[in-house]
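Everything on this sheet refers to the single structure shown next.
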Amino acid sequence: MKLYELAMTPSARRVNIFLKELGLDEQEIGLKRESLNLRAGDNLSDQFKAISVNGRIPVLALDDGQTLCESVAICRYFDEITAPAHSLFGDTPLEKAQVEMWQRICELQGLFVAFQAFRNITKVYEDRERCVEAWGQECSGIVNLAT
Ligand SMILES: N[C@@H](CCC(=O)N[C@@H](CS)C(=O)NCC(=O)O)C(=O)O
């Protein structure tokens with residue numbers, strides 16, 4: 001299987017931190033990696049869009065041709081195939097619900113707002129989306145309030 005990523009990005013880092021926490025041997029499970037240049041638009045090609053339903057990284061391509069987008073979905077897959085006896089997503093009903101709770105709080109109230117701030121202020125992807133600096137500043141303020 002192959003992980004399409006760009007190591008410095010938050011979503012790829014999320015998967016990579018999870019893999020380290022799992023402590024799995026990447027060679028043993030046959031994991032290969034391919035790094036994309038997002039600024040150059042590698043993820044905008046028809047070839048990439050054919051494997052990525054959201055057109056973004058990370059994407060995990062399985063050996064049978066099926067693909068998974070979304071960092072948490074990819075983490076869940078690795079968790080299921082390597083740690084069925086002790087899941088990092090929780091073992092008991094309460095633990096599972098707590099992990100889900102923190103994921104949603106961190107994403108909806110932290111990560112997504114920070115993404116909006118970063119994308120709209122830096123205009124890093126203005127070749128593919130309209131950037132509204134005032135919205136970025138507003139989001140930046142919300143993230144600061146949350147910390
Ligand atoms: N919710 C997604 C976010 C994926 C995402 O936004 N990836 C960014 C890098 S962190 C990306 O591919 N950006 C390229 C673009 O927007 O064109 C996940 O967790 O995987």
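Going by the structure tokens order, chains are called A, B, ..., each with residues numbered from 1, while ligands are numbered from 1 in the order shown.
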
(message) Residues near Leu38 of chain A, anyone? I mean within 10 Å using only C-alpha atoms, not counting same-chain ones fewer than 4 positions away, as a count of residues only.
(response) 10

(request) Around ligand 1, at most 10 Å away and counting only C-alpha atoms and all ligand atoms, which residues are there? Put them as a ChimeraX atom specification, please. (result) /A:4-15,36-44,52,54-59,68-75,107,111-112,115,119,124-129

Output N, CA and C atoms of each residue in that selection to a file, as a short mmCIF file (atom, residue, chain, number, x, y, z; two decimals), in the first residue's frame.
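Writing the result to part_7.cif gives the following:
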data_model
loop_
_atom_site.label_atom_id
_atom_site.label_comp_id
_atom_site.auth_asym_id
_atom_site.auth_seq_id
_atom_site.Cartn_x
_atom_site.Cartn_y
_atom_site.Cartn_z
N TYR A 4 0.05 8.69 0.09
CA TYR A 4 0.35 9.94 -0.61
C TYR A 4 0.25 11.05 0.43
N GLU A 5 1.31 11.86 0.51
CA GLU A 5 1.36 12.82 1.62
C GLU A 5 2.27 14.00 1.27
N LEU A 6 2.33 14.93 2.21
CA LEU A 6 3.38 15.94 2.24
C LEU A 6 3.68 16.09 3.72
N ALA A 7 4.83 15.57 4.14
CA ALA A 7 5.10 15.34 5.57
C ALA A 7 4.89 16.57 6.45
N MET A 8 5.15 17.76 5.91
CA MET A 8 5.07 18.97 6.76
C MET A 8 3.62 19.41 7.04
N THR A 9 2.66 18.91 6.31
CA THR A 9 1.29 19.40 6.48
C THR A 9 0.63 18.77 7.72
N PRO A 10 -0.29 19.50 8.35
CA PRO A 10 -0.91 19.00 9.58
C PRO A 10 -1.64 17.66 9.39
N SER A 11 -2.32 17.50 8.28
CA SER A 11 -3.09 16.26 8.10
C SER A 11 -2.18 15.05 7.89
N ALA A 12 -1.08 15.25 7.18
CA ALA A 12 -0.12 14.16 7.00
C ALA A 12 0.58 13.86 8.33
N ARG A 13 0.91 14.93 9.06
CA ARG A 13 1.57 14.73 10.36
C ARG A 13 0.68 13.95 11.31
N ARG A 14 -0.62 14.20 11.20
CA ARG A 14 -1.56 13.49 12.07
C ARG A 14 -1.45 11.98 11.86
N VAL A 15 -1.39 11.58 10.60
CA VAL A 15 -1.25 10.15 10.28
C VAL A 15 0.11 9.64 10.74
N LEU A 36 3.90 14.64 -2.33
CA LEU A 36 3.34 15.51 -3.37
C LEU A 36 3.75 16.95 -3.13
N ASN A 37 3.87 17.72 -4.20
CA ASN A 37 4.11 19.15 -4.10
C ASN A 37 2.76 19.86 -4.25
N LEU A 38 2.16 20.20 -3.10
CA LEU A 38 0.81 20.78 -3.14
C LEU A 38 0.80 22.16 -3.77
N ARG A 39 1.84 22.95 -3.47
CA ARG A 39 1.87 24.31 -4.03
C ARG A 39 1.96 24.29 -5.55
N ALA A 40 2.63 23.28 -6.06
CA ALA A 40 2.73 23.16 -7.52
C ALA A 40 1.45 22.56 -8.11
N GLY A 41 0.55 22.10 -7.23
CA GLY A 41 -0.74 21.58 -7.71
C GLY A 41 -0.73 20.12 -8.08
N ASP A 42 0.21 19.35 -7.51
CA ASP A 42 0.22 17.90 -7.82
C ASP A 42 -1.13 17.25 -7.51
N ASN A 43 -1.81 17.80 -6.48
CA ASN A 43 -3.09 17.19 -6.07
C ASN A 43 -4.26 17.64 -6.95
N LEU A 44 -3.99 18.51 -7.91
CA LEU A 44 -5.08 18.99 -8.77
C LEU A 44 -5.16 18.21 -10.09
N SER A 52 -8.23 10.24 -5.11
CA SER A 52 -8.55 11.01 -3.90
C SER A 52 -9.93 11.65 -4.05
N ASN A 54 -11.49 13.62 -2.11
CA ASN A 54 -11.57 15.04 -1.73
C ASN A 54 -10.44 15.87 -2.36
N GLY A 55 -9.63 15.23 -3.19
CA GLY A 55 -8.58 15.97 -3.92
C GLY A 55 -7.46 16.47 -3.02
N ARG A 56 -7.37 15.90 -1.83
CA ARG A 56 -6.36 16.37 -0.88
C ARG A 56 -5.52 15.21 -0.35
N ILE A 57 -4.45 15.57 0.33
CA ILE A 57 -3.66 14.55 1.01
C ILE A 57 -3.97 14.62 2.50
N PRO A 58 -3.80 13.55 3.26
CA PRO A 58 -3.24 12.26 2.85
C PRO A 58 -4.28 11.37 2.17
N VAL A 59 -3.75 10.45 1.35
CA VAL A 59 -4.55 9.38 0.75
C VAL A 59 -3.78 8.08 0.93
N LEU A 68 -8.36 5.41 0.46
CA LEU A 68 -8.97 6.06 1.62
C LEU A 68 -8.43 7.47 1.75
N CYS A 69 -9.34 8.44 1.85
CA CYS A 69 -8.96 9.81 2.17
C CYS A 69 -9.32 10.08 3.62
N GLU A 70 -8.94 11.26 4.10
CA GLU A 70 -9.22 11.74 5.45
C GLU A 70 -8.28 11.07 6.46
N SER A 71 -7.52 11.92 7.13
CA SER A 71 -6.48 11.42 8.04
C SER A 71 -7.04 10.48 9.11
N VAL A 72 -8.20 10.82 9.68
CA VAL A 72 -8.72 9.98 10.75
C VAL A 72 -9.17 8.61 10.21
N ALA A 73 -9.74 8.61 9.02
CA ALA A 73 -10.15 7.33 8.42
C ALA A 73 -8.92 6.45 8.18
N ILE A 74 -7.83 7.08 7.74
CA ILE A 74 -6.59 6.34 7.49
C ILE A 74 -6.03 5.80 8.81
N CYS A 75 -6.07 6.65 9.84
CA CYS A 75 -5.61 6.19 11.17
C CYS A 75 -6.45 5.01 11.64
N GLU A 107 -11.18 19.15 16.02
CA GLU A 107 -11.35 19.47 14.61
C GLU A 107 -12.26 20.67 14.40
N LEU A 111 -8.86 22.85 14.73
CA LEU A 111 -8.12 22.61 13.50
C LEU A 111 -8.74 23.30 12.27
N PHE A 112 -10.05 23.13 12.10
CA PHE A 112 -10.67 23.69 10.89
C PHE A 112 -10.62 25.22 10.90
N PHE A 115 -7.12 26.12 10.02
CA PHE A 115 -6.93 25.95 8.57
C PHE A 115 -7.45 27.18 7.83
N ARG A 119 -5.18 29.47 5.51
CA ARG A 119 -5.42 29.51 4.06
C ARG A 119 -5.82 30.90 3.59
N VAL A 124 -2.13 30.79 0.42
CA VAL A 124 -1.22 29.80 -0.16
C VAL A 124 -1.86 29.03 -1.32
N TYR A 125 -3.18 28.89 -1.28
CA TYR A 125 -3.86 28.15 -2.35
C TYR A 125 -4.77 29.06 -3.18
N GLU A 126 -4.34 30.32 -3.38
CA GLU A 126 -5.24 31.23 -4.09
C GLU A 126 -5.38 30.88 -5.57
N ASP A 127 -4.55 29.96 -6.04
CA ASP A 127 -4.73 29.51 -7.42
C ASP A 127 -5.94 28.58 -7.56
N ARG A 128 -6.51 28.14 -6.40
CA ARG A 128 -7.61 27.18 -6.47
C ARG A 128 -8.81 27.54 -5.62
N GLU A 129 -8.71 28.63 -4.84
CA GLU A 129 -9.85 29.05 -4.02
C GLU A 129 -9.78 30.55 -3.79
#

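Of the listed residues (A:Ala117, A:Cys139, A:Lys2, A:Leu22), A:Leu22 comes nearest to Leu88 of chain A; the distances count only C-alpha atoms.
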
(request) Report as number ranges by chain: the residues of segment 8-145 of chain A with a DSSP assignment of strand (DSSP E or B), based on the backbone of this structure. (result) A: 32-35, 59-61, 67-69

Expected file contents, prior selection, C-alpha atoms, as a PDB file, in the first residue's frame:
ATOM      1  CA  LYS A  32       5.391   2.909   0.708  1.00  0.00           C
ATOM      2  CA  ARG A  33       5.167   6.681   0.542  1.00  0.00           C
ATOM      3  CA  GLU A  34       4.918   9.296  -2.170  1.00  0.00           C
ATOM      4  CA  SER A  35       5.403  12.974  -1.422  1.00  0.00           C
ATOM      5  CA  VAL A  59      -4.547   9.383   0.746  1.00  0.00           C
ATOM      6  CA  LEU A  60      -3.874   5.721   1.406  1.00  0.00           C
ATOM      7  CA  ALA A  61      -3.958   3.506  -1.680  1.00  0.00           C
ATOM      8  CA  THR A  67      -8.291   4.230  -1.635  1.00  0.00           C
ATOM      9  CA  LEU A  68      -8.968   6.056   1.623  1.00  0.00           C
ATOM     10  CA  CYS A  69      -8.960   9.812   2.165  1.00  0.00           C
TER      11      CYS A  69
END

(request) In Å, rounded to a single decimal, give me how far atom CA of Val53 of chain A is from atom CA of Glu133 of chain A. (result)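 So the two atoms, atom CA of Glu133 of chain A and atom CA of Val53 of chain A, lie 27.7 Å apart.
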
(request) Write out as an MDAnalysis selection string all residues of chain A that DSSP puts in alpha helix (DSSP H) for this structure's backbone. (result) chainID A and resid 10:22 46:49 71:82 93:106 112:122 133:146

(message) Using only C-alpha atoms, which protein or nucleic acid residues come within 12 Å of Trp135 of chain A? Drop anything in the same chain fewer than 6 positions from it, and give the result as a ChimeraX atom specification.
(response) /A:113-123,141-142

(request) Provide the atom CA of Ile105 of chain A to atom CA of Ile17 of chain A distance in Å, to one decimal place. (result)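 Going from atom CA of Ile105 of chain A over to atom CA of Ile17 of chain A covers 18.9 Å.
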
(message) Taking 2 positions as the minimum chain separation for residues in the same chain, which residues sit within 12 Å of Glu26 of chain A when counting only C-alpha atoms? Answer as a list in words.
(response)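 Result of the neighbour search: Met1, Lys2, Leu3, Asn16, Leu19, Lys20, Leu22, Gly23, Leu24, Glu28, Ile29, Gly30, Leu31, Lys32, Arg33, Phe78 and Thr82 of chain A.
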
Store the residues picked out above, limited to N, CA and C atoms, as a tab-separated table (two decimals), in the first residue's frame.
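For reference, selection-v3.tsv as written:
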chain	number	residue	atom	x	y	z
A	1	MET	N	0.84	-1.20	0.00
A	1	MET	CA	0.00	0.00	0.00
A	1	MET	C	0.87	1.25	0.00
A	2	LYS	N	0.27	2.36	-0.47
A	2	LYS	CA	1.06	3.58	-0.58
A	2	LYS	C	0.32	4.77	0.04
A	3	LEU	N	1.11	5.55	0.81
A	3	LEU	CA	0.56	6.75	1.45
A	3	LEU	C	1.02	7.97	0.65
A	16	ASN	N	1.15	10.44	10.49
A	16	ASN	CA	2.50	9.98	10.82
A	16	ASN	C	2.71	9.86	12.33
A	19	LEU	N	0.99	6.66	13.31
A	19	LEU	CA	1.79	5.48	12.95
A	19	LEU	C	2.91	5.25	13.97
A	20	LYS	N	3.55	6.35	14.38
A	20	LYS	CA	4.62	6.23	15.40
A	20	LYS	C	4.04	5.70	16.71
A	22	LEU	N	1.47	3.85	17.12
A	22	LEU	CA	1.17	2.42	16.95
A	22	LEU	C	2.43	1.58	17.03
A	23	GLY	N	3.56	2.20	16.65
A	23	GLY	CA	4.85	1.50	16.69
A	23	GLY	C	4.95	0.38	15.67
A	24	LEU	N	4.26	0.55	14.57
A	24	LEU	CA	4.32	-0.55	13.59
A	24	LEU	C	5.53	-0.43	12.67
A	28	GLU	N	7.33	-4.05	7.27
A	28	GLU	CA	6.60	-5.31	7.52
A	28	GLU	C	5.20	-5.29	6.92
A	29	ILE	N	4.54	-4.13	7.01
A	29	ILE	CA	3.18	-4.06	6.46
A	29	ILE	C	3.19	-3.58	5.00
A	30	GLY	N	4.39	-3.38	4.45
A	30	GLY	CA	4.51	-3.02	3.03
A	30	GLY	C	4.01	-1.63	2.71
A	31	LEU	N	4.33	-0.68	3.61
A	31	LEU	CA	3.87	0.69	3.39
A	31	LEU	C	4.92	1.50	2.63
A	32	LYS	N	4.52	2.01	1.47
A	32	LYS	CA	5.39	2.91	0.71
A	32	LYS	C	4.81	4.31	0.81
A	33	ARG	N	5.63	5.29	0.45
A	33	ARG	CA	5.17	6.68	0.54
A	33	ARG	C	5.47	7.43	-0.74
A	78	PHE	N	-5.30	1.80	9.90
A	78	PHE	CA	-4.06	1.24	10.46
A	78	PHE	C	-4.31	0.66	11.85
A	82	THR	N	-3.60	-3.33	12.73
A	82	THR	CA	-2.39	-3.63	13.50
A	82	THR	C	-2.62	-3.78	15.00

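Picture a line from atom CA of Gln109 of chain A to atom CA of Pro93 of chain A; it runs 23.8 Å.
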